[in-house]
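Peer 1: Encoded as C-alpha cells, here's the structure I'll be asking about.
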Amino acid sequence: MSQSHALFSEAILLLGGAVVSAPLFKRLGLGTVLGYLAAGIVIGPLAKLITGGEEILSVAELGVVFLLFIIGLELKPARLWQMRKDIFGLGSAQVLLSGGALTALAYFSGLINWQGAVVAGFGLSLSSTAFVLQILEDRSDLNTAYGQRAFSILLFQDLAIVPLLAVVTFIAPSSGEGSVFTLQSAAIAIGAILGLVFAGKYLLTPLFQIIGRTGAREAMIAAALFVVLGAATMMELAGLSMAMGAFLAGIMLAESSFRHELEADIEPFRGILLGLFFMAVGLSLQLQVVLDNWVVILIAVPLIMLTKTIVIYALCRIAGSPHNSALKNAFLLSQGGEFGFVLFTAAAGASVFPATTASLLIAIVTMTMALTPLFAAIPSLLIVPESREELEEDFEGAGADVFMIGFSRFGQIAAQILLAGGRSVTIIDHSADRIRQASRFGFRIYFGDGTRKDVLVAAGIEKAKIIAVCTHKPEITDRVIDLIQSEYPDARIFARAYDRVHSLSLRARGVEFELRETLESGLLFGQRTIEALGVPESDAIRITEDIRERDEARLQLQQVEGIAAGREMLLNQPVQPEPLVKPRQEAAE
C-alpha cells in the first residue's frame, strides 16, 4: 500500500512540475526542454522529493521511442534514400572526427587510459536525439534544410551505437571470443531488421484495416502502441536501440492510409513521455559527483561542446550548408546524448574503466544537455535573421492545396476535377472499406477521423488553401466545420450540403461555399429530360439557368426571413416545393 502511495505521489510531483515549469520557461523564451530539466533538478537532487531518477529515466526513454516512430511516419523510404548522403556521409564523418578529437582530449588529460579514452571520446560524440528534435519541433524547424541535416546526423548516431558497443567488447579486458560474439550479433541484428521490414510490408496494413472496420478507436490506439513497443523490443533484443526499431516501424507505415490516424493516436503518449524523459535527466543528475569533480566538469563541459561545434560547423560547410545553417547545426548538436549513458554503463560493466568514471562522464553529458537550450540560442545572436526555408513535403497529400474530409460519392467526383486540374489534394476518411475500395481505382486517401483536431493537424490541414468538407451525414459535417472554425477562423471552407435546410445552416455558419449534393445533378437530369421531349437545347439550358438563379435568390431571401420565405407553405405542414414555372421572358421577346 505504501509503495503504491509513493508511486502516486511521485506521479503527482512530476505532473505538477511539468505543469508549472514548461509554460513558465516557454513564456520566458527558454523553451520547454530547459523547463523540464529545471523541474527535475529541483524535485530530485535539490529537494530530494524523488529518488531513483535512473529508474524513471528507463521508462521515460519510451518518449524517445515514440518520437522516432512519428518521425519515421513522416519519411517515405524514397525520401530516406534521398537523404543517404547526409546520413552516411555527413553523419559518419561527424562521429569519426568528433569522436577522434574528443578521444585525444580525454587521453592527453591524463585522467583515463587509452581504452577508456576511446569509449569516452566516441560516447561524447553522440548528440541527444530527444533534445535536438524537441528544440527543432518547438521552433517548427524540423522541415527546414538545416533541420533535416541535423536529423540525418542524429539518425546515423543512433545507428553508430551498435558498432560502438562492439568496440567496448573488443577492448574490454578478457574479451576472448569477441569476434564470434560480434558476428553472431550482426547476424541477429540483420535478421531482426529484415523481419521488421517484412512485417511492415505485409502484416501491419491488413491489421489496421481489420481494426479500422470495427470502428473501435481504443483498439486502434492499442494496436498503434503494440506496433511501436513491439518493434522497439524486437530491435532491443537484437542488440539495436529501441528508438531505431520504432523508427523503422514508422518508415514501414509511412505510405499507409492509416499514417495520420496513427500519428494522432501516438502523439499524446510521445509528448508526455518525452517531457518525463527530460525531467528524469534532471532527476538523475548526481550533485555529489558534480561537487567532487567540479573543476573537471567546469573545464570539460565547455571544451566538449566547443570541440563538437567546430567539427560540425566545418563539416556542414564542406557539405554545402550556408554559414547560417551550419552555425545552427553546430550549436544545436554540441551536447552529449542519451546513448552515451548506455555506452558508459556498458563500458563500466566490462571493466574498461571504473564506475566512478562512468558516473563522471554521465554527469558531464547531463550538464551538456542542461546547457543545450541556452547553447542552441547563441546562433540567433551571431547571424542575420533569414527567412525560413521550407522543404517540400515528400509524402502524397499532406500539405496539399486542398484538404478534403470525407470521400463520399460527392467527394470522389470533386476530387477527380481537382486532380485533373493539376491540384494536389489530401483526402482523409474514417471508413476502412471506402479506403480499400478507392485504392483499387487509383485514389490515395488516408484513414482519419475528421472530427479530431490532432488528426487534422497530423494530415496537414494548416498548410491547405481550401478545406473541402464532403462528409455524408449533416451532423458530422457540422461538427467538422465547427471544429475547423474554432481552431482556424480564417480557413476557407467549401462544404457539401445535405439538403436545403442544411444549406441555410452552413451559410449561417459562414462557410465560403456550399452546394446541395443533389442540386446540380437534379437540374441536369431535368434539362436532359425536357430535351428528350423535344425542347430545343438552347431553351432547355435557359430554363435550367433560370431555375438555378431563382433557387439562389430564394436561398438568399430565406437566410433573412426564414425557411418559409419565397415558398408556398401550408400552416403546420412540411415545406412544399415551389411549382415549376416558365422561365422569365427576355426583353427581345
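Naming scheme: A, B, ... for chains in displayed order of the C-alpha cells; residues 1 onward per chain; ligands 1 onward as shown.
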As a ChimeraX atom specification, please: every residue in region 288-517 of chain A that DSSP puts in strand (DSSP E or B).
Peer 2: /A:390,402-405,425-429,446-447,466-469,493-497,513-516
Peer 1: What would the file look like if the residues just selected were written as a tab-separated table (two decimals), in the first residue's frame with N, CA and C atoms?
Peer 2:
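As a result, result_37.tsv now contains:
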```tsv
chain	number	residue	atom	x	y	z
A	390	GLU	N	11.40	26.29	-46.22
A	390	GLU	CA	10.58	25.11	-46.01
A	390	GLU	C	10.82	24.09	-47.11
A	402	VAL	N	-5.64	21.51	-51.40
A	402	VAL	CA	-6.99	21.23	-50.94
A	402	VAL	C	-6.95	20.10	-49.92
A	403	PHE	N	-7.60	20.31	-48.80
A	403	PHE	CA	-7.69	19.29	-47.75
A	403	PHE	C	-9.14	18.81	-47.72
A	404	MET	N	-9.37	17.59	-48.19
A	404	MET	CA	-10.73	17.06	-48.31
A	404	MET	C	-11.02	16.09	-47.17
A	405	ILE	N	-12.12	16.35	-46.46
A	405	ILE	CA	-12.54	15.49	-45.35
A	405	ILE	C	-13.78	14.74	-45.80
A	425	VAL	N	-4.24	17.18	-53.58
A	425	VAL	CA	-5.37	17.01	-52.66
A	425	VAL	C	-4.99	16.02	-51.57
A	426	THR	N	-5.18	16.41	-50.32
A	426	THR	CA	-5.09	15.49	-49.20
A	426	THR	C	-6.51	15.05	-48.84
A	427	ILE	N	-6.74	13.74	-48.82
A	427	ILE	CA	-8.08	13.22	-48.55
A	427	ILE	C	-8.02	12.29	-47.34
A	428	ILE	N	-8.89	12.54	-46.36
A	428	ILE	CA	-8.99	11.62	-45.23
A	428	ILE	C	-10.44	11.14	-45.11
A	429	ASP	N	-10.59	9.91	-44.68
A	429	ASP	CA	-11.91	9.32	-44.49
A	429	ASP	C	-11.82	8.32	-43.36
A	446	TYR	N	-6.26	8.71	-46.90
A	446	TYR	CA	-5.75	8.32	-45.60
A	446	TYR	C	-6.89	8.04	-44.62
A	447	PHE	N	-6.62	7.15	-43.72
A	447	PHE	CA	-7.58	6.82	-42.67
A	447	PHE	C	-7.47	7.87	-41.57
A	466	ILE	N	-7.60	25.54	-49.23
A	466	ILE	CA	-9.05	25.36	-49.15
A	466	ILE	C	-9.34	24.04	-48.43
A	467	ILE	N	-10.33	24.05	-47.53
A	467	ILE	CA	-10.75	22.84	-46.83
A	467	ILE	C	-12.12	22.43	-47.38
A	468	ALA	N	-12.19	21.26	-47.99
A	468	ALA	CA	-13.43	20.76	-48.58
A	468	ALA	C	-14.03	19.71	-47.66
A	469	VAL	N	-15.18	20.02	-47.07
A	469	VAL	CA	-15.86	19.08	-46.16
A	469	VAL	C	-16.93	18.35	-46.96
A	493	ILE	N	-13.59	27.42	-46.25
A	493	ILE	CA	-14.29	26.15	-46.16
A	493	ILE	C	-15.29	26.03	-47.30
A	494	PHE	N	-15.18	24.96	-48.07
A	494	PHE	CA	-16.17	24.57	-49.07
A	494	PHE	C	-16.85	23.32	-48.53
A	495	ALA	N	-18.18	23.30	-48.52
A	495	ALA	CA	-18.86	22.18	-47.87
A	495	ALA	C	-19.96	21.59	-48.74
A	496	ARG	N	-20.16	20.30	-48.60
A	496	ARG	CA	-21.28	19.60	-49.22
A	496	ARG	C	-22.48	19.70	-48.28
A	497	ALA	N	-23.60	20.19	-48.81
A	497	ALA	CA	-24.82	20.31	-48.01
A	497	ALA	C	-25.73	19.13	-48.29
A	513	PHE	N	-18.37	28.53	-49.35
A	513	PHE	CA	-19.17	27.98	-50.45
A	513	PHE	C	-19.80	26.68	-49.98
A	514	GLU	N	-21.10	26.51	-50.31
A	514	GLU	CA	-21.78	25.25	-50.02
A	514	GLU	C	-22.61	24.86	-51.25
A	515	LEU	N	-22.85	23.58	-51.39
A	515	LEU	CA	-23.64	23.10	-52.52
A	515	LEU	C	-24.42	21.87	-52.09
A	516	ARG	N	-25.74	21.89	-52.35
A	516	ARG	CA	-26.55	20.72	-52.05
A	516	ARG	C	-26.13	19.58	-52.95
```
Peer 1: Near region 64-78 of chain A, counting only C-alpha atoms, which residues have an atom at most 10 Å away, once you skip same-chain residues fewer than 2 positions from it, shown as a PyMOL selection string?
Peer 2: chain A and resi 60-62+80-83+128-131+133-134+142+151+155+225+227-229+231-232+241-256+259-260+262-264+266-271+273-275+277+338+393-396+398+458
Peer 1: Between CA of Ala223 (chain A) and CA of Leu203 (chain A), what is the spacing in Å?
Peer 2: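 Value for the CA of Leu203 (chain A)-CA of Ala223 (chain A) distance: 12.4 Å.
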Peer 1: Rounded to one decimal place, report the CA of Glu520 (chain A)-CA of Asp478 (chain A) distance in Å.
Peer 2: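 About the pair CA of Glu520 (chain A) and CA of Asp478 (chain A): they are 21.8 Å apart.
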Peer 1: Between A:Ala508, A:Leu523, A:Ala464, A:Val281, which residue has the minimum interatomic distance to Ile541 (chain A), considering only C-alpha atoms?
Peer 2: A:Leu523
Peer 1: Would you compute the distance between CA of Gly123 (chain A) and CA of Leu303 (chain A)? Give it in Å to one decimal.
Peer 2: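 Value for the CA of Gly123 (chain A)-CA of Leu303 (chain A) distance: 15.0 Å.
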Peer 1: Can you tell me which residues surround Ile87 (chain A) at a distance of at most 12 Å, considering only C-alpha atoms, apart from same-chain residues fewer than 5 positions away, and format the answer as an MDAnalysis selection string?
Peer 2: chainID A and resid 79:82 92:95 148:160 319
Peer 1: Using the selection just defined, write its residues with N, CA and C atoms as a CSV table (one decimal), in the first residue's frame.
Peer 2:
```csv
chain,number,residue,atom,x,y,z
A,79,ARG,N,12.2,9.1,-49.6
A,79,ARG,CA,12.8,10.3,-49.1
A,79,ARG,C,14.0,10.0,-48.2
A,80,LEU,N,13.9,8.8,-47.5
A,80,LEU,CA,15.1,8.4,-46.7
A,80,LEU,C,16.3,8.1,-47.7
A,81,TRP,N,16.0,7.6,-48.8
A,81,TRP,CA,17.1,7.3,-49.8
A,81,TRP,C,17.7,8.6,-50.3
A,82,GLN,N,16.9,9.6,-50.5
A,82,GLN,CA,17.4,10.9,-50.9
A,82,GLN,C,18.3,11.5,-49.9
A,92,SER,N,28.5,9.9,-40.6
A,92,SER,CA,29.7,9.1,-40.3
A,92,SER,C,30.9,10.0,-40.0
A,93,ALA,N,31.1,11.1,-40.9
A,93,ALA,CA,32.2,12.0,-40.7
A,93,ALA,C,32.1,12.7,-39.3
A,94,GLN,N,30.9,13.1,-38.9
A,94,GLN,CA,30.8,13.8,-37.7
A,94,GLN,C,31.2,12.8,-36.5
A,95,VAL,N,30.7,11.6,-36.5
A,95,VAL,CA,31.0,10.7,-35.4
A,95,VAL,C,32.5,10.4,-35.4
A,148,GLN,N,16.6,19.2,-41.4
A,148,GLN,CA,16.7,17.9,-42.0
A,148,GLN,C,18.2,17.4,-41.9
A,149,ARG,N,19.1,18.3,-42.1
A,149,ARG,CA,20.5,17.9,-42.0
A,149,ARG,C,20.9,17.4,-40.6
A,150,ALA,N,20.4,18.2,-39.6
A,150,ALA,CA,20.6,17.8,-38.2
A,150,ALA,C,20.0,16.4,-37.9
A,151,PHE,N,18.8,16.2,-38.5
A,151,PHE,CA,18.1,14.8,-38.3
A,151,PHE,C,18.9,13.7,-38.9
A,152,SER,N,19.5,14.0,-40.1
A,152,SER,CA,20.3,13.0,-40.7
A,152,SER,C,21.5,12.6,-39.9
A,153,ILE,N,22.2,13.6,-39.3
A,153,ILE,CA,23.3,13.3,-38.4
A,153,ILE,C,22.9,12.5,-37.2
A,154,LEU,N,21.8,12.9,-36.6
A,154,LEU,CA,21.3,12.1,-35.4
A,154,LEU,C,20.9,10.7,-35.8
A,155,LEU,N,20.4,10.5,-37.0
A,155,LEU,CA,20.0,9.1,-37.4
A,155,LEU,C,21.2,8.2,-37.5
A,156,PHE,N,22.3,8.8,-38.0
A,156,PHE,CA,23.5,7.9,-38.1
A,156,PHE,C,24.1,7.7,-36.7
A,157,GLN,N,24.0,8.7,-35.8
A,157,GLN,CA,24.5,8.4,-34.5
A,157,GLN,C,23.7,7.3,-33.8
A,158,ASP,N,22.4,7.2,-34.1
A,158,ASP,CA,21.6,6.1,-33.5
A,158,ASP,C,22.1,4.8,-34.0
A,159,LEU,N,22.5,4.8,-35.3
A,159,LEU,CA,23.0,3.6,-35.9
A,159,LEU,C,24.4,3.2,-35.3
A,160,ALA,N,25.1,4.3,-35.0
A,160,ALA,CA,26.5,4.1,-34.6
A,160,ALA,C,26.6,3.4,-33.2
A,319,ALA,N,29.9,20.2,-46.6
A,319,ALA,CA,28.8,19.5,-47.3
A,319,ALA,C,27.9,20.5,-48.0
```
Peer 1: Residues near region 352-360 of chain A, anyone? I mean within 7 Å using only C-alpha atoms, not counting same-chain ones fewer than 6 positions away, as a count of residues only.
Peer 2: 7
Peer 1: I'd like to know which of A:Gly44, A:Pro206, A:Pro379, A:Gly16 is closest to Phe258 (chain A), using only C-alpha atoms.
Peer 2: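 Of all the options, A:Pro206 lies closest to Phe258 (chain A).
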Peer 1: Which one of A:Leu102, A:Ile161, A:Ile543, A:Leu374 sits closest to Gly239 (chain A) if you count only C-alpha atoms?
Peer 2: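 Closest to Gly239 (chain A), using only C-alpha atoms: A:Ile161.
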Peer 1: I need the residue nearest Val33 (chain A) from this list: A:Pro373, A:Gly147, A:Gly336, A:Gly215. Use only C-alpha atoms for the distance.
Peer 2: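 The shortest atom-to-atom distance to Val33 (chain A) comes from A:Pro373.
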Peer 1: Could you pull out the residues in region 335-478 of chain A that DSSP calls helix (DSSP H, G or I) from the backbone, as a PyMOL selection string?
Peer 2: chain A and resi 338-349+355-376+379-382+409-420+432-439+453-458+461-463+474-478
Peer 1: May I have the residues from that selection written out with C-alpha atoms, as a PDB file, in the first residue's frame?
Peer 2:
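After the write, again_8.pdb holds the following:
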```
ATOM      1  CA  GLU A 338      21.274   9.683 -24.079  1.00  0.00           C
ATOM      2  CA  PHE A 339      23.077   6.857 -25.906  1.00  0.00           C
ATOM      3  CA  GLY A 340      26.218   7.972 -24.101  1.00  0.00           C
ATOM      4  CA  PHE A 341      24.563   6.762 -20.900  1.00  0.00           C
ATOM      5  CA  VAL A 342      24.192   3.312 -22.461  1.00  0.00           C
ATOM      6  CA  LEU A 343      27.781   3.215 -23.735  1.00  0.00           C
ATOM      7  CA  PHE A 344      29.396   4.405 -20.484  1.00  0.00           C
ATOM      8  CA  THR A 345      27.351   1.985 -18.381  1.00  0.00           C
ATOM      9  CA  ALA A 346      28.318  -0.907 -20.679  1.00  0.00           C
ATOM     10  CA  ALA A 347      31.989   0.117 -20.513  1.00  0.00           C
ATOM     11  CA  ALA A 348      31.929   0.213 -16.716  1.00  0.00           C
ATOM     12  CA  GLY A 349      30.260  -3.219 -16.660  1.00  0.00           C
ATOM     13  CA  ALA A 355      32.124   3.000 -12.187  1.00  0.00           C
ATOM     14  CA  THR A 356      33.214   6.368 -10.771  1.00  0.00           C
ATOM     15  CA  THR A 357      34.497   7.370 -14.211  1.00  0.00           C
ATOM     16  CA  ALA A 358      31.184   6.322 -15.763  1.00  0.00           C
ATOM     17  CA  SER A 359      29.326   8.476 -13.205  1.00  0.00           C
ATOM     18  CA  LEU A 360      31.578  11.436 -14.020  1.00  0.00           C
ATOM     19  CA  LEU A 361      31.007  11.039 -17.769  1.00  0.00           C
ATOM     20  CA  ILE A 362      27.252  10.722 -17.251  1.00  0.00           C
ATOM     21  CA  ALA A 363      27.304  13.898 -15.156  1.00  0.00           C
ATOM     22  CA  ILE A 364      29.214  15.689 -17.920  1.00  0.00           C
ATOM     23  CA  VAL A 365      26.694  14.547 -20.535  1.00  0.00           C
ATOM     24  CA  THR A 366      23.831  15.651 -18.297  1.00  0.00           C
ATOM     25  CA  MET A 367      25.397  19.088 -17.873  1.00  0.00           C
ATOM     26  CA  THR A 368      25.840  19.470 -21.658  1.00  0.00           C
ATOM     27  CA  MET A 369      22.173  18.520 -22.080  1.00  0.00           C
ATOM     28  CA  ALA A 370      21.142  21.096 -19.497  1.00  0.00           C
ATOM     29  CA  LEU A 371      23.067  23.782 -21.382  1.00  0.00           C
ATOM     30  CA  THR A 372      21.665  22.786 -24.789  1.00  0.00           C
ATOM     31  CA  PRO A 373      18.647  25.150 -24.888  1.00  0.00           C
ATOM     32  CA  LEU A 374      20.876  28.086 -23.976  1.00  0.00           C
ATOM     33  CA  PHE A 375      23.699  26.998 -26.277  1.00  0.00           C
ATOM     34  CA  ALA A 376      21.283  26.468 -29.176  1.00  0.00           C
ATOM     35  CA  PRO A 379      23.364  31.450 -33.236  1.00  0.00           C
ATOM     36  CA  SER A 380      20.444  33.893 -33.115  1.00  0.00           C
ATOM     37  CA  LEU A 381      22.895  36.421 -31.651  1.00  0.00           C
ATOM     38  CA  LEU A 382      25.585  35.752 -34.254  1.00  0.00           C
ATOM     39  CA  ARG A 409     -19.576   9.864 -53.871  1.00  0.00           C
ATOM     40  CA  PHE A 410     -19.816  13.643 -53.881  1.00  0.00           C
ATOM     41  CA  GLY A 411     -16.175  13.995 -52.818  1.00  0.00           C
ATOM     42  CA  GLN A 412     -14.992  11.407 -55.330  1.00  0.00           C
ATOM     43  CA  ILE A 413     -16.406  13.421 -58.237  1.00  0.00           C
ATOM     44  CA  ALA A 414     -14.993  16.696 -56.897  1.00  0.00           C
ATOM     45  CA  ALA A 415     -11.573  15.102 -56.330  1.00  0.00           C
ATOM     46  CA  GLN A 416     -11.417  13.950 -59.942  1.00  0.00           C
ATOM     47  CA  ILE A 417     -11.843  17.543 -61.148  1.00  0.00           C
ATOM     48  CA  LEU A 418      -9.192  18.817 -58.740  1.00  0.00           C
ATOM     49  CA  LEU A 419      -6.670  16.166 -59.698  1.00  0.00           C
ATOM     50  CA  ALA A 420      -7.386  16.596 -63.408  1.00  0.00           C
ATOM     51  CA  ALA A 432     -11.535   1.496 -43.879  1.00  0.00           C
ATOM     52  CA  ASP A 433     -13.722  -0.185 -46.502  1.00  0.00           C
ATOM     53  CA  ARG A 434     -14.004   3.009 -48.543  1.00  0.00           C
ATOM     54  CA  ILE A 435     -10.234   3.490 -48.391  1.00  0.00           C
ATOM     55  CA  ARG A 436      -9.633  -0.038 -49.629  1.00  0.00           C
ATOM     56  CA  GLN A 437     -12.180   0.312 -52.420  1.00  0.00           C
ATOM     57  CA  ALA A 438     -10.813   3.695 -53.501  1.00  0.00           C
ATOM     58  CA  SER A 439      -7.281   2.294 -53.760  1.00  0.00           C
ATOM     59  CA  LYS A 453      -8.117  18.201 -34.298  1.00  0.00           C
ATOM     60  CA  ASP A 454      -4.986  16.094 -33.779  1.00  0.00           C
ATOM     61  CA  VAL A 455      -5.799  14.040 -36.885  1.00  0.00           C
ATOM     62  CA  LEU A 456      -6.426  17.184 -38.943  1.00  0.00           C
ATOM     63  CA  VAL A 457      -3.118  18.688 -37.820  1.00  0.00           C
ATOM     64  CA  ALA A 458      -1.212  15.479 -38.486  1.00  0.00           C
ATOM     65  CA  ILE A 461      -4.667  20.983 -42.530  1.00  0.00           C
ATOM     66  CA  GLU A 462      -2.602  24.013 -41.533  1.00  0.00           C
ATOM     67  CA  LYS A 463      -0.972  24.092 -44.970  1.00  0.00           C
ATOM     68  CA  PRO A 474     -25.028  16.599 -41.987  1.00  0.00           C
ATOM     69  CA  GLU A 475     -24.388  16.296 -38.248  1.00  0.00           C
ATOM     70  CA  ILE A 476     -20.817  15.130 -38.919  1.00  0.00           C
ATOM     71  CA  THR A 477     -20.331  17.942 -41.434  1.00  0.00           C
ATOM     72  CA  ASP A 478     -21.484  20.465 -38.826  1.00  0.00           C
TER      73      ASP A 478
END
```
